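Participant: Input run-v5.cif, format and content: mmCIF, C-alpha atoms.
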data_run
#
loop_
_atom_site.label_atom_id
_atom_site.label_comp_id
_atom_site.auth_asym_id
_atom_site.auth_seq_id
_atom_site.Cartn_x
_atom_site.Cartn_y
_atom_site.Cartn_z
CA MET A 1 13.47 -14.64 17.34
CA LYS A 2 10.62 -15.08 19.79
CA ILE A 3 7.63 -12.74 19.50
CA LEU A 4 5.02 -11.95 22.16
CA VAL A 5 1.78 -10.48 20.83
CA ALA A 6 -0.82 -8.91 23.13
CA VAL A 7 -4.43 -9.07 21.95
CA LYS A 8 -7.63 -7.64 23.43
CA ARG A 9 -11.26 -8.76 23.26
CA VAL A 10 -13.57 -5.84 22.42
CA VAL A 11 -17.05 -5.21 21.08
CA ASP A 12 -16.95 -6.12 17.40
CA HIS A 13 -16.26 -3.04 15.28
CA ASN A 14 -19.35 -3.75 13.15
CA VAL A 15 -21.66 -3.54 16.18
CA ARG A 16 -23.31 -0.26 17.09
CA ILE A 17 -22.17 0.75 20.57
CA ARG A 18 -24.92 1.15 23.17
CA VAL A 19 -24.47 2.78 26.57
CA ARG A 20 -26.09 1.06 29.56
CA PRO A 21 -29.25 2.82 30.81
CA ASP A 22 -27.60 3.57 34.17
CA GLY A 23 -24.60 5.23 32.47
CA THR A 24 -22.05 2.90 34.09
CA GLY A 25 -20.48 1.78 30.83
CA VAL A 26 -20.96 0.24 27.41
CA GLU A 27 -23.41 -2.63 27.04
CA THR A 28 -21.57 -5.92 26.43
CA THR A 29 -24.20 -8.47 27.49
CA GLY A 30 -25.37 -10.41 24.46
CA VAL A 31 -23.15 -8.31 22.18
CA ARG A 32 -20.84 -9.86 19.59
CA MET A 33 -17.20 -9.57 20.66
CA SER A 34 -14.03 -10.04 18.61
CA MET A 35 -10.32 -9.28 18.52
CA ASN A 36 -9.41 -5.61 18.52
CA PRO A 37 -8.65 -4.73 14.85
CA PHE A 38 -5.24 -3.21 15.62
CA CYS A 39 -4.27 -6.36 17.55
CA LYS A 40 -5.13 -8.47 14.52
CA HIS A 41 -2.59 -6.51 12.47
CA ALA A 42 0.02 -7.19 15.16
CA VAL A 43 -0.69 -10.94 15.00
CA GLU A 44 -0.45 -10.89 11.21
CA ALA A 45 2.90 -9.10 11.38
CA ALA A 46 4.28 -11.72 13.77
CA VAL A 47 3.07 -14.64 11.62
CA GLN A 48 4.56 -13.05 8.51
CA LEU A 49 7.94 -12.81 10.25
CA VAL A 50 7.74 -16.54 10.99
CA GLU A 51 6.89 -17.28 7.36
CA LYS A 52 9.94 -15.26 6.28
CA GLY A 53 12.15 -17.34 8.57
CA GLN A 54 12.91 -14.33 10.76
CA ALA A 55 11.02 -15.56 13.84
CA SER A 56 10.71 -19.00 15.40
CA GLU A 57 7.82 -18.69 17.85
CA VAL A 58 4.77 -16.48 18.32
CA VAL A 59 3.16 -16.41 21.77
CA VAL A 60 -0.18 -14.64 22.11
CA VAL A 61 -1.35 -13.21 25.43
CA SER A 62 -4.71 -11.74 26.38
CA ILE A 63 -5.90 -10.28 29.68
CA GLY A 64 -9.54 -10.55 30.61
CA PRO A 65 -12.37 -12.96 31.45
CA LYS A 66 -12.51 -16.59 30.42
CA GLN A 67 -14.32 -15.60 27.21
CA SER A 68 -11.09 -13.94 26.00
CA ASN A 69 -10.04 -17.45 24.96
CA ASP A 70 -11.85 -16.83 21.68
CA VAL A 71 -9.50 -14.04 20.55
CA ILE A 72 -6.50 -16.17 21.49
CA LEU A 73 -7.93 -19.02 19.40
CA THR A 74 -8.35 -16.59 16.51
CA ALA A 75 -4.66 -15.68 16.77
CA LEU A 76 -3.68 -19.35 16.98
CA ALA A 77 -5.75 -20.05 13.87
CA MET A 78 -3.91 -17.23 12.09
CA GLY A 79 -0.61 -19.00 12.79
CA ALA A 80 0.53 -18.22 16.33
CA HIS A 81 2.09 -21.17 18.17
CA ARG A 82 0.68 -20.95 21.71
CA GLY A 83 -1.43 -18.73 23.90
CA VAL A 84 -1.57 -17.38 27.44
CA LEU A 85 -4.73 -16.07 29.08
CA VAL A 86 -4.26 -13.89 32.16
CA GLU A 87 -7.73 -14.43 33.55
CA THR A 88 -9.60 -11.77 35.51
CA ASP A 89 -13.16 -10.46 35.56
CA ALA A 90 -12.01 -7.06 36.85
CA ALA A 91 -12.16 -3.96 34.65
CA LEU A 92 -8.47 -3.12 34.42
CA GLU A 93 -6.87 0.23 33.74
CA THR A 94 -4.17 0.61 31.11
CA LEU A 95 -1.29 0.86 33.58
CA THR A 96 -2.39 -2.36 35.29
CA ILE A 97 -2.58 -4.11 31.91
CA ALA A 98 0.93 -2.89 31.06
CA LYS A 99 2.24 -4.17 34.40
CA LEU A 100 0.69 -7.60 33.83
CA LEU A 101 2.15 -7.75 30.31
CA ALA A 102 5.54 -6.79 31.73
CA LYS A 103 5.32 -9.77 34.10
CA VAL A 104 4.46 -12.08 31.20
CA ALA A 105 7.36 -10.63 29.19
CA GLU A 106 9.68 -11.24 32.14
CA GLU A 107 8.72 -14.92 32.06
CA GLU A 108 8.68 -15.37 28.28
CA GLN A 109 11.73 -13.21 27.46
CA PRO A 110 10.61 -12.37 23.90
CA ASP A 111 12.90 -10.58 21.48
CA LEU A 112 9.97 -8.54 20.15
CA ILE A 113 6.67 -7.50 21.73
CA LEU A 114 3.93 -6.53 19.28
CA LEU A 115 0.68 -4.79 20.20
CA GLY A 116 -2.06 -2.92 18.41
CA LYS A 117 -1.44 0.82 18.66
CA GLN A 118 -4.73 1.22 20.57
CA ALA A 119 -7.96 -0.59 21.38
CA VAL A 120 -11.17 0.55 19.74
CA ASP A 121 -13.14 0.37 22.99
CA ASP A 122 -11.31 3.11 24.88
CA ASP A 123 -8.82 4.48 22.29
CA SER A 124 -6.34 5.14 25.10
CA ASN A 125 -3.13 4.42 23.14
CA HIS A 126 -1.31 3.86 26.46
CA VAL A 127 -0.29 0.24 26.88
CA GLY A 128 2.50 -0.06 24.31
CA GLN A 129 4.31 3.01 25.58
CA MET A 130 3.84 2.06 29.23
CA LEU A 131 5.05 -1.48 28.56
CA ALA A 132 8.20 -0.18 26.85
CA ALA A 133 8.95 1.97 29.89
CA LEU A 134 8.27 -0.84 32.38
CA THR A 135 10.48 -3.32 30.48
CA ASN A 136 13.14 -0.71 29.62
CA ARG A 137 12.92 -1.54 25.90
CA PRO A 138 13.12 0.80 22.91
CA GLN A 139 9.80 1.36 21.19
CA ALA A 140 8.33 2.28 17.82
CA THR A 141 4.66 3.20 17.65
CA PHE A 142 2.11 3.35 14.80
CA ALA A 143 4.16 0.98 12.64
CA SER A 144 3.19 0.68 8.97
CA GLU A 145 6.23 -1.48 8.07
CA ILE A 146 8.62 -3.68 10.05
CA VAL A 147 11.92 -4.90 8.60
CA VAL A 148 14.28 -7.16 10.55
CA LYS A 149 17.95 -6.40 9.99
CA GLY A 150 20.06 -8.74 12.08
CA SER A 151 19.72 -7.75 15.72
CA GLU A 152 17.86 -4.55 14.83
CA LEU A 153 14.49 -3.48 13.50
CA GLU A 154 13.77 -0.83 10.90
CA VAL A 155 10.26 0.48 11.51
CA THR A 156 8.34 2.88 9.28
CA ARG A 157 5.74 4.73 11.31
CA GLU A 158 2.81 6.97 10.49
CA VAL A 159 3.17 10.53 11.81
CA ASP A 160 1.26 13.78 11.33
CA TYR A 161 3.56 15.03 8.57
CA GLY A 162 3.82 11.72 6.70
CA ARG A 163 6.11 8.79 7.46
CA GLU A 164 9.37 8.40 9.30
CA THR A 165 11.70 5.42 9.52
CA VAL A 166 13.47 4.59 12.77
CA ALA A 167 16.02 1.94 13.69
CA LEU A 168 15.98 0.29 17.09
CA PRO A 169 17.85 -2.63 18.66
CA LEU A 170 16.19 -5.81 19.87
CA PRO A 171 14.57 -6.58 22.26
CA ALA A 172 11.95 -3.95 21.48
CA VAL A 173 8.27 -3.01 21.66
CA VAL A 174 6.34 -2.13 18.48
CA THR A 175 2.70 -1.07 18.13
CA ALA A 176 0.85 -1.77 14.89
CA ASP A 177 -1.10 0.63 12.70
CA LEU A 178 -3.83 -0.49 10.29
CA ARG A 179 -1.51 0.18 7.34
CA LEU A 180 0.96 -2.47 8.49
CA ASN A 181 -0.68 -5.33 6.57
CA THR A 182 -3.92 -7.06 5.64
CA PRO A 183 -4.78 -9.70 8.27
CA ARG A 184 -5.61 -13.13 6.91
CA ASN A 185 -8.91 -14.90 7.46
CA ALA A 186 -8.27 -18.25 9.10
CA ALA A 187 -9.92 -21.13 7.23
CA LEU A 188 -12.00 -23.65 9.14
CA PRO A 189 -9.23 -26.32 9.17
CA MET A 190 -6.89 -23.79 10.82
CA VAL A 191 -9.56 -22.93 13.40
CA MET A 192 -9.97 -26.60 14.26
CA LYS A 193 -6.19 -27.08 14.41
CA ALA A 194 -5.88 -24.07 16.73
CA ARG A 195 -7.88 -25.89 19.40
CA SER A 196 -5.06 -28.40 19.78
CA LYS A 197 -2.38 -25.77 20.30
CA PRO A 198 -1.15 -25.00 23.86
CA LEU A 199 -3.21 -22.43 25.75
CA ALA A 200 -2.24 -21.73 29.36
CA VAL A 201 -4.71 -20.02 31.70
CA ARG A 202 -3.17 -18.04 34.56
CA PRO A 203 -5.12 -16.13 37.24
CA ALA A 204 -4.13 -12.46 37.24
CA ALA A 205 -3.55 -12.69 41.00
CA ASP A 206 -0.56 -15.00 40.36
CA PHE A 207 1.49 -12.13 38.96
CA GLY A 208 1.53 -10.02 42.12
CA VAL A 209 0.14 -6.88 40.45
CA ASP A 210 -2.28 -4.62 42.30
CA LEU A 211 -5.47 -4.73 40.22
CA ALA A 212 -7.33 -2.05 42.19
CA PRO A 213 -8.52 0.85 39.98
CA ARG A 214 -7.11 4.33 40.55
CA LEU A 215 -9.66 6.17 38.44
CA VAL A 216 -13.38 6.65 39.02
CA VAL A 217 -15.68 6.82 35.98
CA GLU A 218 -18.58 8.99 37.08
CA LYS A 219 -20.76 8.62 34.01
CA ILE A 220 -20.74 7.47 30.41
CA SER A 221 -23.26 8.91 27.98
CA PRO A 222 -23.85 8.49 24.26
CA PRO A 223 -23.08 11.39 21.90
CA ALA A 224 -25.89 13.80 21.05
CA GLU A 225 -28.08 12.76 18.17
CA ARG A 226 -27.14 14.39 14.88
CA VAL A 227 -29.44 17.20 13.80
CA ALA A 228 -31.35 16.36 10.63
CA GLY A 229 -30.08 18.09 7.50
CA LYS A 230 -32.05 20.53 5.38
CA THR A 231 -32.83 20.31 1.68
CA VAL A 232 -32.69 23.53 -0.32
CA GLY A 233 -33.94 24.15 -3.82
CA SER A 234 -31.14 26.30 -5.20
CA VAL A 235 -27.73 27.82 -4.58
CA ALA A 236 -29.42 31.08 -3.62
CA ASP A 237 -31.48 29.28 -0.98
CA LEU A 238 -28.30 27.63 0.33
CA ALA A 239 -26.54 31.00 0.58
CA SER A 240 -29.52 32.47 2.43
CA ALA A 241 -29.60 29.55 4.87
CA ILE A 242 -25.86 29.90 5.59
CA ALA A 243 -26.22 33.65 6.12
CA ALA A 244 -29.10 33.06 8.51
CA GLU A 245 -27.01 30.58 10.50
CA VAL A 246 -24.08 33.01 10.67
CA ASN A 247 -26.31 35.84 11.82
CA GLU A 248 -27.82 33.60 14.48
CA MET A 249 -24.37 32.61 15.76
CA GLU A 250 -23.22 36.25 15.85
CA ALA A 251 -26.31 37.19 17.82
CA LEU A 252 -25.30 34.72 20.49
#
Represent the supplied structure as structure tokens.

Facilitator:
Amino acid sequence: MKILVAVKRVVDHNVRIRVRPDGTGVETTGVRMSMNPFCKHAVEAAVQLVEKGQASEVVVVSIGPKQSNDVILTALAMGAHRGVLVETDAALETLTIAKLLAKVAEEEQPDLILLGKQAVDDDSNHVGQMLAALTNRPQATFASEIVVKGSELEVTREVDYGRETVALPLPAVVTADLRLNTPRNAALPMVMKARSKPLAVRPAADFGVDLAPRLVVEKISPPAERVAGKTVGSVADLASAIAAEVNEMEAL
């Protein structure tokens, strides 16, 4: 089984997000970047399937600027076999990303496409579903467990009321939840070895996809600062403060 894993380079989840002064977006200059956490779980799932003898090759693809090589190298250090960078400096919308991934899938012909369920920079949760539609493949989202059974997958997924298990035939698209596994930390020897693995760089223009945006972002602003809390001396004082707040709200 051949697996294609899509990974995204985002602002590191430990970094405090700052909005640019002109409100045009999030500040990324001089900010530490890393692989989207959900994507890392997808890579780990693919590598584990190889270790179980249920997959033979893991190809990692990322779409973005030249610097996105670093997240591909991270995936290669985790155990992926080769990487593909679809290089572009344009800010792409989710549908465009899905179309580019569909073109890559058409070339690679993977049996399974794994993605993170969403990216922590925009939280859109679009690409996996769009990619399944564009490639006409069955999909399972928010996966917390993946079991290969012959030419089918059995996927346990997180839903509002708990968990449900679905069966779907291969080839398929699966998006990973954080509960799927615990991603490994690649040791330094694996990082060095990853640099010798194949990594192809392809200009996005080569795929014949219209990269022009269809949406206009008018402004991005940070959330309002949290109001400082109040310290009260007793339960009676707390009750009085709550009553005062309620009365104030009712007056409005």

Participant: Once the PyMOL selection byres ((chain A and resi 218) around 9) has been evaluated on this model, what residues remain selected, and can you format them as a ChimeraX atom specification?

Facilitator: /A:23-24,216-217,219-220

Participant: Select, from A:Ile17, A:Met1, A:Ala204, A:Met35, the residue with the minimum atom-to-atom distance to Glu108 (chain A), counting all atoms listed in the file.

Facilitator: A:Met1

Participant: Name every residue that the PyMOL selection byres ((chain A and resi 75-85) around 7) selects in this structure, writing the answer as JSON, numbers by chain with chains first and numbers rising.

Facilitator: {"A": [43, 47, 57, 58, 59, 60, 61, 62, 63, 69, 71, 72, 73, 74, 86, 87, 184, 186, 190, 191, 194, 197, 198, 199, 200, 201, 202]}

Participant: In Å, how far is it from CA of Val209 (chain A) to CA of Lys117 (chain A)?

Facilitator: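 Between these atoms lies a distance of 23.2 Å.
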
Participant: Of the candidates A:Asp206, A:Asp123, A:Glu51, A:Asp177, which shows the shortest atom-to-atom distance to Phe142 (chain A), using all atoms listed in the file?

Facilitator: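 Going through A:Asp206, A:Asp123, A:Glu51, A:Asp177 one by one, the smallest distance to Phe142 (chain A) is for A:Asp177.
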
Participant: Mind giving me the straight-line distance from CA of Pro171 (chain A) to CA of Thr96 (chain A) in Å, one decimal?

Facilitator: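 Straight-line distance from CA of Pro171 (chain A) to CA of Thr96 (chain A) works out to 21.8 Å.
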
Participant: What does the distance between CA of Lys103 (chain A) and CA of Leu178 (chain A) come to in Å, to one decimal place?

Facilitator: 27.1 Å

Participant: Can you pull out the residues contacting Ala42 (chain A)? Cut-off 7 Å, using all atoms listed in the file, and skip same-chain residues under 2 positions away; I want them as a list of chain:residue names.

Facilitator: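 Once the adjacent positions are removed, what remains is A:Val5, A:Phe38, A:Cys39, A:Lys40, A:Glu44, A:Ala45, A:Ala46, A:Leu114, A:Leu115, A:Gly116, A:Ala176.
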
Participant: Take the point (5.4, -4.8, 21.5) in the file's coordinates, draw a sphere of radius 7 Å around it, and report as a PyMOL selection string every protein, DNA or RNA residue with an atom inside or on it, counting all atoms listed in the file.

Facilitator: chain A and resi 5+112-115+128+172-175

Participant: Would you be able to write out as a PyMOL selection string which residues have an atom within 10 Å of (-4.0, -7.8, 40.7) in the file's coordinates, counting only C-alpha atoms?

Facilitator: chain A and resi 88+90+92+96-97+99-100+203-213

Participant: Using all atoms of region 22-32 of chain A listed in the file and a margin of 8 Å per side, can you give the axis-aligned box centre and edge lengths in Å to one decimal, as JSON?

Facilitator:
{"center_x": -24.0, "center_y": -2.6, "center_z": 26.9, "size_x": 23.1, "size_y": 31.6, "size_z": 30.6}

Participant: From the set A:Asn36, A:Val31, A:Ile242, A:Val7, which residue has the shortest atom-to-atom contact distance to Ala119 (chain A), counting all atoms listed in the file?

Facilitator: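 Nearest to Ala119 (chain A): A:Asn36.
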
Participant: Identify which of the residues A:Glu145, A:Pro222, A:Ala140, A:Glu154 lies closest to Pro21 (chain A), counting only C-alpha atoms when measuring atom-to-atom distances.

Facilitator: A:Pro222
